[in-house]
Amino acid sequence: MRRAVAQLTAEGVITRGEGNQYDIQGERIQVDYPGGGSSAPVLVHSPYISDQGSTPRFLLVRPADNHGTEVLLPVEELLAGLDEILGPRGMTLVRESRRALLRGLYLASSSLMAAASEAAWFNLARAVPTPPAALARKVAEGRDIAEVIRLTEQCLRELKPSPGSATLTEVATQAHMFREVRNYALHPVEPHDGDRETWLTETGATLLTVAARRYFVKLADLRERLIGSVAGQP
C-alpha cells in the first residue's frame with residue numbers, strides 16, 4: 001500500500017492533504033487470561049489515508065471521473081507507429097515528457113518533447129537519399145538542429161510527387177518552434193520572454209503534448225516518402 005501511494009504521488013495522481021500527517025501508530029491486541037492479561041504489538045504496513053470522519057491525508061490531484069471532459073491521449077497510443085521516426089531515445093523522451101507533465105514539471109515536459117522533435121528530424125534527415133554534403137556532415141556531427149531542419153526541408157521540397165508546400169512549411173515551422181522552446185528553457189541566458197515562458201507553463205506544456213501526435217505522424221509520413229523515393233528509382 002505504501003508503495004502504491006508513493007507511485008500515485010510521484011505520477012501526480014494524488015497529493016498530501018491537510019489531514020493527520022503523524023507517523024503511523026502501531027496497534028496492540030489485548031489478550032486476557034485467568035489471573036492476568038497482556039498485549040501484543042501488531043505492525044501496520046499500510047498508510048492510514050483517511051476515514052469518513054477525518055480530513056483526508058491524501059487528495060486526488062485530478063478528478064477520478066472526468067465527466068466527459070477531454071483527456072490526453074495515453075502515451076503509448078500517442079507513440080503508436082512512431083518508433084522509426086523517433087527512434088528508441090525519442091520514444092523515451094516522449095514518455096519522460098508525459099511523466100514530467102503529470103508531475104507538474106512543465107519546463108521539463110516541454111524541453112523533453114522538444115528534444116524528441118530534434119530526434120525525429122535527425123532520423124528524417126538520415127532517410128534522405130544521397131544527402132548533400134552539408135546535411136550529411138551535420139547529421140554525422142549530431143548538432144546544429146536548425147541547419148538540419150533547413151537542409152532536410154530543402155530535400156523534401158524536391159520530392160516527386162510533392163508532399164505539398166503547406167505541409168512542409170507547417171512541420172518546419174513547428175520544428176523551429178520546438179527548437180526555440182528547448183533553447184530558451186535550457187539556456188537561460190536570454191532576457192525574460194513572456195511569449196516563450198508560456199510554453200513552460202501547464203497550458204503550454206499540455207498544448208505541446210496535444211499537438212505532438214499529429215506532428216510526429218506527418219514527419220513519419222515524410223520519412224516513408226523519402227524511403228519510397230529511393231525504391232522507385234530505376
# chains A, B, ... in the order shown; residues from 1 in each chain; ligands from 1
call {"tool": "closest_atom_pairs", "arguments": {"of": "range 138-213 of chain A", "to": "range 82-99 of chain A", "cutoff": "10 Å", "atoms": "only C-alpha atoms", "output": "JSON lines"}}
result
{"residue": "A:Ala205", "atom": "CA", "partner": "A:Ser97", "partner_atom": "CA", "distance": 9.1}
{"residue": "A:Thr206", "atom": "CA", "partner": "A:Arg98", "partner_atom": "CA", "distance": 9.2}
{"residue": "A:Thr209", "atom": "CA", "partner": "A:Arg98", "partner_atom": "CA", "distance": 7.7}
{"residue": "A:Ala212", "atom": "CA", "partner": "A:Val94", "partner_atom": "CA", "distance": 9.1}
{"residue": "A:Arg213", "atom": "CA", "partner": "A:Leu82", "partner_atom": "CA", "distance": 8.9}
call {"tool": "residues_around", "arguments": {"residues": "Leu226 in chain A", "least_positions_apart": "3", "cutoff": "10 Å", "atoms": "only C-alpha atoms", "output": "VMD selection string"}}
result
chain A and resid 124 to 129 155 to 156 159 to 160 220 to 223 229 to 231
call {"tool": "write_last_selection", "arguments": {"atoms": "N, CA, C and O atoms", "output": "short mmCIF file (atom, residue, chain, number, x, y, z; two decimals), in the first residue's frame"}}
result
data_model
loop_
_atom_site.label_atom_id
_atom_site.label_comp_id
_atom_site.auth_asym_id
_atom_site.auth_seq_id
_atom_site.Cartn_x
_atom_site.Cartn_y
_atom_site.Cartn_z
N LEU A 124 14.73 11.80 -39.74
CA LEU A 124 14.20 12.17 -41.05
C LEU A 124 15.35 12.49 -42.01
O LEU A 124 15.35 12.06 -43.17
N ALA A 125 16.34 13.21 -41.52
CA ALA A 125 17.49 13.57 -42.35
C ALA A 125 18.27 12.33 -42.79
O ALA A 125 18.79 12.27 -43.91
N ARG A 126 18.34 11.33 -41.92
CA ARG A 126 19.07 10.11 -42.27
C ARG A 126 18.39 9.34 -43.39
O ARG A 126 19.02 8.50 -44.04
N ALA A 127 17.11 9.61 -43.61
CA ALA A 127 16.37 8.91 -44.67
C ALA A 127 16.52 9.59 -46.03
O ALA A 127 16.04 9.06 -47.03
N VAL A 128 17.17 10.75 -46.08
CA VAL A 128 17.34 11.47 -47.35
C VAL A 128 18.31 10.68 -48.24
O VAL A 128 19.44 10.42 -47.84
N PRO A 129 17.88 10.29 -49.43
CA PRO A 129 18.79 9.57 -50.33
C PRO A 129 19.85 10.53 -50.88
O PRO A 129 19.54 11.66 -51.25
N CYS A 155 15.49 19.26 -49.17
CA CYS A 155 15.45 17.96 -49.84
C CYS A 155 14.01 17.47 -50.01
O CYS A 155 13.65 16.89 -51.04
N LEU A 156 13.18 17.71 -49.01
CA LEU A 156 11.78 17.29 -49.08
C LEU A 156 11.04 18.03 -50.19
O LEU A 156 10.14 17.48 -50.83
N LEU A 159 11.06 16.34 -53.59
CA LEU A 159 10.39 15.06 -53.78
C LEU A 159 9.34 15.14 -54.88
O LEU A 159 8.65 16.15 -55.02
N LYS A 160 9.21 14.06 -55.64
CA LYS A 160 8.18 13.94 -56.66
C LYS A 160 7.42 12.63 -56.43
O LYS A 160 8.04 11.56 -56.38
N ALA A 220 6.72 11.16 -39.80
CA ALA A 220 6.86 9.74 -40.15
C ALA A 220 6.44 9.50 -41.59
O ALA A 220 7.08 8.71 -42.32
N ASP A 221 5.38 10.16 -42.03
CA ASP A 221 4.92 10.01 -43.42
C ASP A 221 5.97 10.56 -44.39
O ASP A 221 6.23 9.96 -45.44
N LEU A 222 6.58 11.68 -44.04
CA LEU A 222 7.62 12.25 -44.90
C LEU A 222 8.83 11.32 -44.98
O LEU A 222 9.45 11.17 -46.04
N ARG A 223 9.15 10.68 -43.87
CA ARG A 223 10.26 9.72 -43.88
C ARG A 223 9.95 8.57 -44.83
O ARG A 223 10.83 8.12 -45.59
N SER A 229 11.07 7.06 -52.29
CA SER A 229 11.66 7.69 -53.47
C SER A 229 12.90 6.94 -53.93
O SER A 229 13.21 6.89 -55.12
N VAL A 230 13.60 6.31 -53.00
CA VAL A 230 14.77 5.50 -53.35
C VAL A 230 14.31 4.22 -54.03
O VAL A 230 14.86 3.79 -55.06
N ALA A 231 13.27 3.59 -53.47
CA ALA A 231 12.77 2.34 -54.03
C ALA A 231 12.22 2.54 -55.44
O ALA A 231 12.27 1.63 -56.27
#
call {"tool": "residues_around", "arguments": {"residues": "Ser111 in chain A", "least_positions_apart": "4", "cutoff": "9 Å", "atoms": "only C-alpha atoms", "output": "PyMOL selection string"}}
result
chain A and resi 97+106-107+115-116+178+181-183+185-186+200+205
call {"tool": "write_last_selection", "arguments": {"atoms": "all heavy atoms", "output": "compact mmCIF listing (two decimals), in the first residue's frame"}}
result
# COMPACT_ATOMS: atom_id res chain seq x y z
N SER A 97 8.56 12.98 -21.05
CA SER A 97 7.84 14.26 -21.12
C SER A 97 6.46 14.13 -20.50
O SER A 97 6.01 15.00 -19.75
CB SER A 97 7.73 14.71 -22.58
OG SER A 97 6.90 15.85 -22.69
N TYR A 106 6.60 21.36 -15.75
CA TYR A 106 6.22 21.80 -17.09
C TYR A 106 7.42 22.19 -17.94
O TYR A 106 7.44 21.93 -19.15
CB TYR A 106 5.22 22.95 -16.98
CG TYR A 106 4.04 22.59 -16.12
CD1 TYR A 106 3.69 23.35 -15.00
CD2 TYR A 106 3.30 21.44 -16.39
CE1 TYR A 106 2.62 22.99 -14.20
CE2 TYR A 106 2.23 21.07 -15.59
CZ TYR A 106 1.89 21.85 -14.49
OH TYR A 106 0.84 21.48 -13.69
N LEU A 107 8.41 22.83 -17.36
CA LEU A 107 9.63 23.15 -18.12
C LEU A 107 10.28 21.86 -18.62
O LEU A 107 10.67 21.77 -19.78
CB LEU A 107 10.60 23.95 -17.25
CG LEU A 107 11.88 24.44 -17.93
CD1 LEU A 107 12.36 25.74 -17.27
CD2 LEU A 107 13.01 23.41 -17.86
N ALA A 115 13.10 17.95 -27.37
CA ALA A 115 14.23 17.07 -27.68
C ALA A 115 13.78 15.90 -28.55
O ALA A 115 14.51 15.44 -29.43
CB ALA A 115 14.87 16.56 -26.39
N ALA A 116 12.56 15.41 -28.31
CA ALA A 116 12.02 14.34 -29.16
C ALA A 116 11.84 14.83 -30.59
O ALA A 116 12.07 14.09 -31.55
CB ALA A 116 10.69 13.84 -28.59
N PHE A 178 9.72 24.24 -31.60
CA PHE A 178 10.24 23.32 -30.59
C PHE A 178 11.70 23.67 -30.26
O PHE A 178 12.11 23.63 -29.10
CB PHE A 178 10.15 21.88 -31.08
CG PHE A 178 8.86 21.19 -30.74
CD1 PHE A 178 8.06 20.65 -31.74
CD2 PHE A 178 8.46 21.05 -29.42
CE1 PHE A 178 6.88 19.99 -31.42
CE2 PHE A 178 7.28 20.39 -29.09
CZ PHE A 178 6.48 19.87 -30.10
N VAL A 181 11.79 26.64 -28.01
CA VAL A 181 11.34 26.28 -26.66
C VAL A 181 12.49 25.64 -25.89
O VAL A 181 12.78 26.01 -24.74
CB VAL A 181 10.14 25.31 -26.73
CG1 VAL A 181 9.87 24.68 -25.36
CG2 VAL A 181 8.90 26.04 -27.22
N ARG A 182 13.16 24.69 -26.53
CA ARG A 182 14.25 23.98 -25.84
C ARG A 182 15.42 24.91 -25.55
O ARG A 182 15.99 24.88 -24.45
CB ARG A 182 14.70 22.80 -26.70
CG ARG A 182 15.71 21.89 -25.99
CD ARG A 182 15.83 20.56 -26.71
NE ARG A 182 16.70 19.67 -25.97
CZ ARG A 182 17.91 19.29 -26.38
NH1 ARG A 182 18.38 19.74 -27.53
NH2 ARG A 182 18.64 18.46 -25.67
N ASN A 183 15.80 25.72 -26.52
CA ASN A 183 16.92 26.64 -26.30
C ASN A 183 16.62 27.62 -25.17
O ASN A 183 17.46 27.90 -24.32
CB ASN A 183 17.24 27.40 -27.59
CG ASN A 183 17.94 26.53 -28.61
OD1 ASN A 183 18.46 25.46 -28.28
ND2 ASN A 183 17.96 26.97 -29.86
N ALA A 185 14.47 27.25 -22.71
CA ALA A 185 14.32 26.57 -21.42
C ALA A 185 15.65 26.14 -20.84
O ALA A 185 15.88 26.27 -19.63
CB ALA A 185 13.40 25.36 -21.57
N LEU A 186 16.54 25.64 -21.68
CA LEU A 186 17.77 25.02 -21.18
C LEU A 186 19.00 25.92 -21.24
O LEU A 186 20.05 25.56 -20.72
CB LEU A 186 18.04 23.73 -21.96
CG LEU A 186 16.94 22.67 -21.86
CD1 LEU A 186 17.35 21.41 -22.60
CD2 LEU A 186 16.61 22.35 -20.42
N LEU A 200 6.35 27.00 -21.12
CA LEU A 200 6.90 26.31 -19.95
C LEU A 200 5.90 26.27 -18.80
O LEU A 200 6.26 25.94 -17.68
CB LEU A 200 8.20 26.99 -19.51
CG LEU A 200 9.23 27.25 -20.62
CD1 LEU A 200 10.47 27.90 -20.05
CD2 LEU A 200 9.57 25.96 -21.36
N ALA A 205 2.78 23.40 -21.91
CA ALA A 205 3.26 22.02 -21.98
C ALA A 205 2.16 21.07 -22.43
O ALA A 205 2.41 20.12 -23.18
CB ALA A 205 3.80 21.59 -20.61
call {"tool": "closest_residue", "arguments": {"among": "A:Thr152, A:Arg225, A:Arg196, A:Glu158", "to": "Ala136 in chain A", "atoms": "only C-alpha atoms"}}
result
A:Thr152
call {"tool": "residues_around", "arguments": {"residues": "Ser39 in chain A", "least_positions_apart": "6", "cutoff": "12 Å", "atoms": "only C-alpha atoms", "output": "NGL selection string"}}
result
:A and (27-33)
call {"tool": "write_last_selection", "arguments": {"atoms": "all heavy atoms", "output": "PDB file, in the first residue's frame"}}
result
ATOM      1  N   GLU A  27      -0.613  -0.708  16.456  1.00  0.00           N
ATOM      2  CA  GLU A  27      -1.779  -1.206  17.175  1.00  0.00           C
ATOM      3  C   GLU A  27      -1.339  -2.345  18.094  1.00  0.00           C
ATOM      4  O   GLU A  27      -0.306  -2.985  17.872  1.00  0.00           O
ATOM      5  CB  GLU A  27      -2.833  -1.713  16.176  1.00  0.00           C
ATOM      6  CG  GLU A  27      -3.321  -0.664  15.193  1.00  0.00           C
ATOM      7  CD  GLU A  27      -4.209   0.371  15.859  1.00  0.00           C
ATOM      8  OE1 GLU A  27      -4.693   0.092  16.984  1.00  0.00           O
ATOM      9  OE2 GLU A  27      -4.408   1.445  15.269  1.00  0.00           O
ATOM     10  N   ARG A  28      -2.132  -2.565  19.133  1.00  0.00           N
ATOM     11  CA  ARG A  28      -1.843  -3.671  20.039  1.00  0.00           C
ATOM     12  C   ARG A  28      -3.107  -4.496  20.241  1.00  0.00           C
ATOM     13  O   ARG A  28      -4.214  -3.964  20.276  1.00  0.00           O
ATOM     14  CB  ARG A  28      -1.332  -3.167  21.390  1.00  0.00           C
ATOM     15  CG  ARG A  28      -0.054  -2.351  21.294  1.00  0.00           C
ATOM     16  CD  ARG A  28       0.489  -2.034  22.681  1.00  0.00           C
ATOM     17  NE  ARG A  28       1.029  -3.210  23.342  1.00  0.00           N
ATOM     18  CZ  ARG A  28       2.279  -3.654  23.181  1.00  0.00           C
ATOM     19  NH1 ARG A  28       3.109  -3.003  22.367  1.00  0.00           N
ATOM     20  NH2 ARG A  28       2.696  -4.723  23.815  1.00  0.00           N
ATOM     21  N   ILE A  29      -2.935  -5.794  20.333  1.00  0.00           N
ATOM     22  CA  ILE A  29      -4.048  -6.705  20.599  1.00  0.00           C
ATOM     23  C   ILE A  29      -3.962  -7.148  22.061  1.00  0.00           C
ATOM     24  O   ILE A  29      -2.913  -7.639  22.510  1.00  0.00           O
ATOM     25  CB  ILE A  29      -3.992  -7.933  19.677  1.00  0.00           C
ATOM     26  CG1 ILE A  29      -4.198  -7.492  18.214  1.00  0.00           C
ATOM     27  CG2 ILE A  29      -5.047  -8.959  20.075  1.00  0.00           C
ATOM     28  CD1 ILE A  29      -4.122  -8.638  17.232  1.00  0.00           C
ATOM     29  N   GLN A  30      -5.049  -6.930  22.778  1.00  0.00           N
ATOM     30  CA  GLN A  30      -5.101  -7.302  24.188  1.00  0.00           C
ATOM     31  C   GLN A  30      -5.472  -8.775  24.323  1.00  0.00           C
ATOM     32  O   GLN A  30      -6.398  -9.257  23.651  1.00  0.00           O
ATOM     33  CB  GLN A  30      -6.134  -6.440  24.931  1.00  0.00           C
ATOM     34  CG  GLN A  30      -6.239  -6.727  26.411  1.00  0.00           C
ATOM     35  CD  GLN A  30      -4.990  -6.272  27.175  1.00  0.00           C
ATOM     36  OE1 GLN A  30      -4.327  -5.313  26.764  1.00  0.00           O
ATOM     37  NE2 GLN A  30      -4.681  -6.964  28.270  1.00  0.00           N
ATOM     38  N   VAL A  31      -4.740  -9.473  25.140  1.00  0.00           N
ATOM     39  CA  VAL A  31      -5.016 -10.888  25.407  1.00  0.00           C
ATOM     40  C   VAL A  31      -5.242 -11.047  26.910  1.00  0.00           C
ATOM     41  O   VAL A  31      -4.361 -10.717  27.715  1.00  0.00           O
ATOM     42  CB  VAL A  31      -3.847 -11.785  24.951  1.00  0.00           C
ATOM     43  CG1 VAL A  31      -4.150 -13.243  25.275  1.00  0.00           C
ATOM     44  CG2 VAL A  31      -3.576 -11.596  23.466  1.00  0.00           C
ATOM     45  N   ASP A  32      -6.433 -11.490  27.286  1.00  0.00           N
ATOM     46  CA  ASP A  32      -6.758 -11.717  28.696  1.00  0.00           C
ATOM     47  C   ASP A  32      -6.744 -13.207  28.995  1.00  0.00           C
ATOM     48  O   ASP A  32      -7.175 -14.025  28.175  1.00  0.00           O
ATOM     49  CB  ASP A  32      -8.139 -11.147  29.024  1.00  0.00           C
ATOM     50  CG  ASP A  32      -8.171  -9.625  28.872  1.00  0.00           C
ATOM     51  OD1 ASP A  32      -7.204  -8.974  29.316  1.00  0.00           O
ATOM     52  OD2 ASP A  32      -9.158  -9.107  28.295  1.00  0.00           O
ATOM     53  N   TYR A  33      -6.265 -13.538  30.145  1.00  0.00           N
ATOM     54  CA  TYR A  33      -6.248 -14.929  30.579  1.00  0.00           C
ATOM     55  C   TYR A  33      -6.479 -14.956  32.089  1.00  0.00           C
ATOM     56  O   TYR A  33      -6.344 -13.921  32.764  1.00  0.00           O
ATOM     57  CB  TYR A  33      -4.918 -15.599  30.211  1.00  0.00           C
ATOM     58  CG  TYR A  33      -3.688 -14.828  30.640  1.00  0.00           C
ATOM     59  CD1 TYR A  33      -3.169 -14.961  31.931  1.00  0.00           C
ATOM     60  CD2 TYR A  33      -3.057 -13.963  29.754  1.00  0.00           C
ATOM     61  CE1 TYR A  33      -2.049 -14.254  32.323  1.00  0.00           C
ATOM     62  CE2 TYR A  33      -1.932 -13.250  30.132  1.00  0.00           C
ATOM     63  CZ  TYR A  33      -1.426 -13.405  31.425  1.00  0.00           C
ATOM     64  OH  TYR A  33      -0.317 -12.697  31.811  1.00  0.00           O
TER      65      TYR A  33
END
